[in-house]
Amino acid sequence: MVSERQGRPVGRRLVLGMLGLGAAGVALGPPLQDGLNAALAGVREGDPTGITGLLPGSGGFRFYSVAPSVPQRTAADYRLAVDGLVERPTTYSLADLQRLPRTRLVKDVQCVTGWRVPQTPFTGVRLSRLLDAAGVRPGAGAVSFTCFDGVYSESLTLEQARRSDMLVAYAMDDRPVTHAHGGPVRLYAAPMYFYKSAKWLSGITVTDRVQPGYWERYGYDVDAWVGKSNGRDDAGID
């Protein structure tokens, strides 16, 4: 999820200090690194420059948000609504999603701004399974996604949403999706640029037509296939 939001830059002293901490975490092992990542998550989320994504342990990701702050959702209070043009509107808890048959995908994550994180595992439920369980009505043609940051949105055609590489993901790198990465649950649109993979997913609404998402209203392509959209020619992610 890319943001052009302006904000207060991260100070030089803070960046240098975080670089030192990140190096220490790498040197001293995973337990310390995990603690450092948790402590720095808030700083990364509030960093409009993306520079904190360069820290050791960030895995090459840049941490962005289009909202000034995002509320936390725990495993206990998380809910995902599936509604719209469906026969059986449903609300899922995280535990409900985890009980469904799971799919694990390992693909490159490609951002439209150019950075890439190779071979990143995501695990979750195929979006098509949730749509089938809800019973899509005749006349439906698209799926819209809302997020509990209160700002971001995305959309796919119904055909795209039914692909086997579209996930409602609750694990990333074989661990629960963190808040900074859009957890507890996020969309993962594997064949598309990463802005399509909406963070902090809270709603899946079946509609009659595509409703452009947050960044599409600013000129980004609605059909964001890697290497085939937004004027980019990045190599494929397979």
# chains A, B, ... in the order shown; residues from 1 in each chain; ligands from 1

call {"tool": "residues_around", "arguments": {"residues": "Leu156 of chain A", "least_positions_apart": "4", "cutoff": "6 Å", "atoms": "only C-alpha atoms", "output": "list in words"}}
result
Ala142, Val143, Gln160 and Ala161 of chain A

call {"tool": "write_last_selection", "arguments": {"atoms": "N, CA, C and O atoms", "output": "mmCIF file, in the first residue's frame"}}
result
data_model
loop_
_atom_site.group_PDB
_atom_site.id
_atom_site.type_symbol
_atom_site.label_atom_id
_atom_site.label_comp_id
_atom_site.auth_asym_id
_atom_site.auth_seq_id
_atom_site.Cartn_x
_atom_site.Cartn_y
_atom_site.Cartn_z
ATOM 1 N N ALA A 142 -18.258 -7.819 -9.490
ATOM 2 C CA ALA A 142 -17.026 -7.333 -8.868
ATOM 3 C C ALA A 142 -17.089 -7.547 -7.361
ATOM 4 O O ALA A 142 -18.128 -7.913 -6.806
ATOM 5 N N VAL A 143 -15.955 -7.313 -6.722
ATOM 6 C CA VAL A 143 -15.845 -7.425 -5.268
ATOM 7 C C VAL A 143 -15.089 -6.202 -4.764
ATOM 8 O O VAL A 143 -14.014 -5.876 -5.278
ATOM 9 N N GLN A 160 -11.420 -11.942 -11.462
ATOM 10 C CA GLN A 160 -10.129 -11.843 -10.778
ATOM 11 C C GLN A 160 -10.216 -12.397 -9.362
ATOM 12 O O GLN A 160 -9.314 -13.117 -8.904
ATOM 13 N N ALA A 161 -11.299 -12.072 -8.659
ATOM 14 C CA ALA A 161 -11.447 -12.495 -7.269
ATOM 15 C C ALA A 161 -11.520 -14.010 -7.142
ATOM 16 O O ALA A 161 -11.141 -14.567 -6.095
#

call {"tool": "atom_distance", "arguments": {"atom1": "atom CA of Trp225 of chain A", "atom2": "atom CA of Ala171 of chain A"}}
result
22.9 Å

call {"tool": "closest_residue", "arguments": {"among": "A:Gln119, A:Gln72, A:Thr91, A:Ser155", "to": "Asp221 of chain A", "atoms": "only C-alpha atoms"}}
result
A:Ser155

call {"tool": "closest_atom_pairs", "arguments": {"of": "segment 88-143 of chain A", "to": "segment 189-205 of chain A", "cutoff": "7 Å", "atoms": "only C-alpha atoms", "output": "tab-separated table"}}
result
residue	atom	partner	partner_atom	distance
A:Lys107	CA	A:Ala190	CA	6.9
A:Val109	CA	A:Phe194	CA	6.6
A:Gln110	CA	A:Tyr193	CA	5.5
A:Cys111	CA	A:Phe194	CA	5.1
A:Val112	CA	A:Tyr193	CA	5.7
A:Val143	CA	A:Thr205	CA	5.6

call {"tool": "closest_residue", "arguments": {"among": "A:Asp233, A:Asp223, A:Asp173, A:Asp83", "to": "Pro118 of chain A", "atoms": "only C-alpha atoms"}}
result
A:Asp173

call {"tool": "closest_residue", "arguments": {"among": "A:Pro176, A:Gly124, A:Pro212, A:Pro68", "to": "Leu97 of chain A", "atoms": "only C-alpha atoms"}}
result
A:Gly124

call {"tool": "atom_distance", "arguments": {"atom1": "atom CA of Tyr92 of chain A", "atom2": "atom CA of Phe61 of chain A"}}
result
28.4 Å

call {"tool": "closest_residue", "arguments": {"among": "A:Leu130, A:Leu187, A:Leu167, A:Gly60", "to": "Thr90 of chain A", "atoms": "only C-alpha atoms"}}
result
A:Leu130

call {"tool": "atom_distance", "arguments": {"atom1": "atom CA of Gly135 of chain A", "atom2": "atom CA of Val82 of chain A"}}
result
10.3 Å

call {"tool": "residues_around", "arguments": {"residues": "Arg175 of chain A", "least_positions_apart": "2", "cutoff": "10 Å", "atoms": "only C-alpha atoms", "output": "short mmCIF file (atom, residue, chain, number, x, y, z; two decimals) with C-alpha atoms, in the first residue's frame"}}
result
data_model
loop_
_atom_site.label_atom_id
_atom_site.label_comp_id
_atom_site.auth_asym_id
_atom_site.auth_seq_id
_atom_site.Cartn_x
_atom_site.Cartn_y
_atom_site.Cartn_z
CA PRO A 121 5.03 -16.89 1.89
CA PHE A 122 1.41 -15.92 2.56
CA THR A 123 -1.12 -18.31 4.09
CA TYR A 170 -3.73 -14.30 8.14
CA ALA A 171 -0.09 -15.45 8.00
CA MET A 172 2.98 -13.98 6.32
CA ASP A 173 6.46 -15.53 6.46
CA VAL A 177 0.34 -11.05 9.95
CA THR A 178 1.51 -8.19 12.18
#

call {"tool": "closest_residue", "arguments": {"among": "A:Arg163, A:Arg137, A:Arg186, A:Arg116", "to": "Arg79 of chain A", "atoms": "only C-alpha atoms"}}
result
A:Arg186

call {"tool": "closest_residue", "arguments": {"among": "A:Ser69, A:Thr113, A:Thr207, A:Thr120", "to": "Thr157 of chain A", "atoms": "only C-alpha atoms"}}
result
A:Thr207

call {"tool": "decode", "arguments": {"residues": "segment 136-170 of chain A", "atoms": "N, CA, C and O atoms", "output": "mmCIF file, in the first residue's frame"}}
result
data_model
loop_
_atom_site.group_PDB
_atom_site.id
_atom_site.type_symbol
_atom_site.label_atom_id
_atom_site.label_comp_id
_atom_site.auth_asym_id
_atom_site.auth_seq_id
_atom_site.Cartn_x
_atom_site.Cartn_y
_atom_site.Cartn_z
ATOM 1 N N VAL A 136 -22.844 -16.082 -4.381
ATOM 2 C CA VAL A 136 -22.901 -14.863 -5.204
ATOM 3 C C VAL A 136 -24.163 -14.864 -6.056
ATOM 4 O O VAL A 136 -24.491 -15.841 -6.726
ATOM 5 N N ARG A 137 -24.863 -13.759 -6.041
ATOM 6 C CA ARG A 137 -26.122 -13.636 -6.775
ATOM 7 C C ARG A 137 -25.885 -13.318 -8.251
ATOM 8 O O ARG A 137 -24.868 -12.721 -8.615
ATOM 9 N N PRO A 138 -26.856 -13.685 -9.112
ATOM 10 C CA PRO A 138 -26.783 -13.277 -10.521
ATOM 11 C C PRO A 138 -26.722 -11.754 -10.624
ATOM 12 O O PRO A 138 -27.353 -11.039 -9.841
ATOM 13 N N GLY A 139 -25.974 -11.273 -11.567
ATOM 14 C CA GLY A 139 -25.818 -9.834 -11.747
ATOM 15 C C GLY A 139 -24.586 -9.270 -11.074
ATOM 16 O O GLY A 139 -24.218 -8.121 -11.321
ATOM 17 N N ALA A 140 -23.944 -10.074 -10.222
ATOM 18 C CA ALA A 140 -22.707 -9.618 -9.581
ATOM 19 C C ALA A 140 -21.572 -9.620 -10.597
ATOM 20 O O ALA A 140 -21.501 -10.500 -11.460
ATOM 21 N N GLY A 141 -20.686 -8.621 -10.469
ATOM 22 C CA GLY A 141 -19.577 -8.548 -11.412
ATOM 23 C C GLY A 141 -18.253 -8.163 -10.801
ATOM 24 O O GLY A 141 -17.233 -8.168 -11.481
ATOM 25 N N ALA A 142 -18.258 -7.819 -9.490
ATOM 26 C CA ALA A 142 -17.026 -7.333 -8.868
ATOM 27 C C ALA A 142 -17.089 -7.547 -7.361
ATOM 28 O O ALA A 142 -18.128 -7.913 -6.806
ATOM 29 N N VAL A 143 -15.955 -7.313 -6.722
ATOM 30 C CA VAL A 143 -15.845 -7.425 -5.268
ATOM 31 C C VAL A 143 -15.089 -6.202 -4.764
ATOM 32 O O VAL A 143 -14.014 -5.876 -5.278
ATOM 33 N N SER A 144 -15.646 -5.520 -3.767
ATOM 34 C CA SER A 144 -14.993 -4.371 -3.152
ATOM 35 C C SER A 144 -14.502 -4.743 -1.758
ATOM 36 O O SER A 144 -15.113 -5.568 -1.071
ATOM 37 N N PHE A 145 -13.407 -4.109 -1.341
ATOM 38 C CA PHE A 145 -12.788 -4.407 -0.052
ATOM 39 C C PHE A 145 -12.658 -3.121 0.752
ATOM 40 O O PHE A 145 -12.221 -2.093 0.232
ATOM 41 N N THR A 146 -13.046 -3.174 2.011
ATOM 42 C CA THR A 146 -12.869 -2.053 2.927
ATOM 43 C C THR A 146 -11.951 -2.468 4.057
ATOM 44 O O THR A 146 -11.771 -3.660 4.333
ATOM 45 N N CYS A 147 -11.391 -1.465 4.723
ATOM 46 C CA CYS A 147 -10.344 -1.708 5.708
ATOM 47 C C CYS A 147 -10.656 -0.959 6.995
ATOM 48 O O CYS A 147 -11.280 0.107 6.966
ATOM 49 N N PHE A 148 -10.195 -1.488 8.128
ATOM 50 C CA PHE A 148 -10.538 -0.845 9.387
ATOM 51 C C PHE A 148 -9.637 0.342 9.724
ATOM 52 O O PHE A 148 -9.735 0.898 10.815
ATOM 53 N N ASP A 149 -8.793 0.768 8.794
ATOM 54 C CA ASP A 149 -8.156 2.078 8.967
ATOM 55 C C ASP A 149 -9.142 3.201 8.660
ATOM 56 O O ASP A 149 -8.878 4.377 8.926
ATOM 57 N N GLY A 150 -10.308 2.850 8.079
ATOM 58 C CA GLY A 150 -11.340 3.822 7.793
ATOM 59 C C GLY A 150 -11.134 4.622 6.531
ATOM 60 O O GLY A 150 -11.946 5.495 6.212
ATOM 61 N N VAL A 151 -10.063 4.322 5.771
ATOM 62 C CA VAL A 151 -9.722 5.129 4.595
ATOM 63 C C VAL A 151 -9.549 4.273 3.340
ATOM 64 O O VAL A 151 -10.120 4.565 2.296
ATOM 65 N N TYR A 152 -8.764 3.218 3.451
ATOM 66 C CA TYR A 152 -8.349 2.487 2.260
ATOM 67 C C TYR A 152 -9.471 1.609 1.722
ATOM 68 O O TYR A 152 -10.322 1.119 2.466
ATOM 69 N N SER A 153 -9.465 1.411 0.410
ATOM 70 C CA SER A 153 -10.411 0.516 -0.245
ATOM 71 C C SER A 153 -9.749 -0.064 -1.486
ATOM 72 O O SER A 153 -8.769 0.481 -2.002
ATOM 73 N N GLU A 154 -10.285 -1.175 -1.960
ATOM 74 C CA GLU A 154 -9.792 -1.792 -3.183
ATOM 75 C C GLU A 154 -10.941 -2.521 -3.862
ATOM 76 O O GLU A 154 -12.039 -2.644 -3.296
ATOM 77 N N SER A 155 -10.702 -3.019 -5.068
ATOM 78 C CA SER A 155 -11.738 -3.696 -5.829
ATOM 79 C C SER A 155 -11.111 -4.632 -6.851
ATOM 80 O O SER A 155 -10.017 -4.367 -7.368
ATOM 81 N N LEU A 156 -11.799 -5.732 -7.108
ATOM 82 C CA LEU A 156 -11.420 -6.678 -8.144
ATOM 83 C C LEU A 156 -12.658 -7.034 -8.949
ATOM 84 O O LEU A 156 -13.781 -6.979 -8.433
ATOM 85 N N THR A 157 -12.469 -7.420 -10.205
ATOM 86 C CA THR A 157 -13.589 -8.019 -10.922
ATOM 87 C C THR A 157 -13.887 -9.371 -10.271
ATOM 88 O O THR A 157 -13.032 -9.961 -9.598
ATOM 89 N N LEU A 158 -15.089 -9.869 -10.486
ATOM 90 C CA LEU A 158 -15.450 -11.170 -9.919
ATOM 91 C C LEU A 158 -14.557 -12.266 -10.487
ATOM 92 O O LEU A 158 -14.140 -13.190 -9.765
ATOM 93 N N GLU A 159 -14.219 -12.165 -11.760
ATOM 94 C CA GLU A 159 -13.326 -13.152 -12.373
ATOM 95 C C GLU A 159 -11.957 -13.131 -11.709
ATOM 96 O O GLU A 159 -11.379 -14.185 -11.413
ATOM 97 N N GLN A 160 -11.420 -11.942 -11.462
ATOM 98 C CA GLN A 160 -10.129 -11.843 -10.778
ATOM 99 C C GLN A 160 -10.216 -12.397 -9.362
ATOM 100 O O GLN A 160 -9.314 -13.117 -8.904
ATOM 101 N N ALA A 161 -11.299 -12.072 -8.659
ATOM 102 C CA ALA A 161 -11.447 -12.495 -7.269
ATOM 103 C C ALA A 161 -11.520 -14.010 -7.142
ATOM 104 O O ALA A 161 -11.141 -14.567 -6.095
ATOM 105 N N ARG A 162 -11.979 -14.685 -8.171
ATOM 106 C CA ARG A 162 -12.116 -16.143 -8.119
ATOM 107 C C ARG A 162 -10.823 -16.871 -8.477
ATOM 108 O O ARG A 162 -10.784 -18.112 -8.412
ATOM 109 N N ARG A 163 -9.780 -16.152 -8.814
ATOM 110 C CA ARG A 163 -8.500 -16.808 -9.116
ATOM 111 C C ARG A 163 -7.975 -17.546 -7.884
ATOM 112 O O ARG A 163 -8.204 -17.134 -6.747
ATOM 113 N N SER A 164 -7.217 -18.594 -8.135
ATOM 114 C CA SER A 164 -6.686 -19.397 -7.025
ATOM 115 C C SER A 164 -5.558 -18.712 -6.277
ATOM 116 O O SER A 164 -5.170 -19.161 -5.191
ATOM 117 N N ASP A 165 -5.008 -17.611 -6.834
ATOM 118 C CA ASP A 165 -3.918 -16.896 -6.168
ATOM 119 C C ASP A 165 -4.381 -15.582 -5.545
ATOM 120 O O ASP A 165 -3.594 -14.658 -5.374
ATOM 121 N N MET A 166 -5.653 -15.502 -5.178
ATOM 122 C CA MET A 166 -6.198 -14.385 -4.411
ATOM 123 C C MET A 166 -6.558 -14.904 -3.023
ATOM 124 O O MET A 166 -7.450 -15.761 -2.892
ATOM 125 N N LEU A 167 -5.869 -14.416 -1.998
ATOM 126 C CA LEU A 167 -6.043 -14.937 -0.644
ATOM 127 C C LEU A 167 -6.551 -13.885 0.315
ATOM 128 O O LEU A 167 -6.219 -12.704 0.207
ATOM 129 N N VAL A 168 -7.344 -14.334 1.277
ATOM 130 C CA VAL A 168 -7.594 -13.593 2.504
ATOM 131 C C VAL A 168 -6.588 -14.163 3.502
ATOM 132 O O VAL A 168 -6.753 -15.270 4.007
ATOM 133 N N ALA A 169 -5.506 -13.418 3.736
ATOM 134 C CA ALA A 169 -4.314 -13.966 4.409
ATOM 135 C C ALA A 169 -4.253 -13.564 5.872
ATOM 136 O O ALA A 169 -4.461 -12.404 6.226
ATOM 137 N N TYR A 170 -3.937 -14.545 6.717
ATOM 138 C CA TYR A 170 -3.729 -14.297 8.142
ATOM 139 C C TYR A 170 -2.319 -14.672 8.595
ATOM 140 O O TYR A 170 -1.989 -14.530 9.772
#
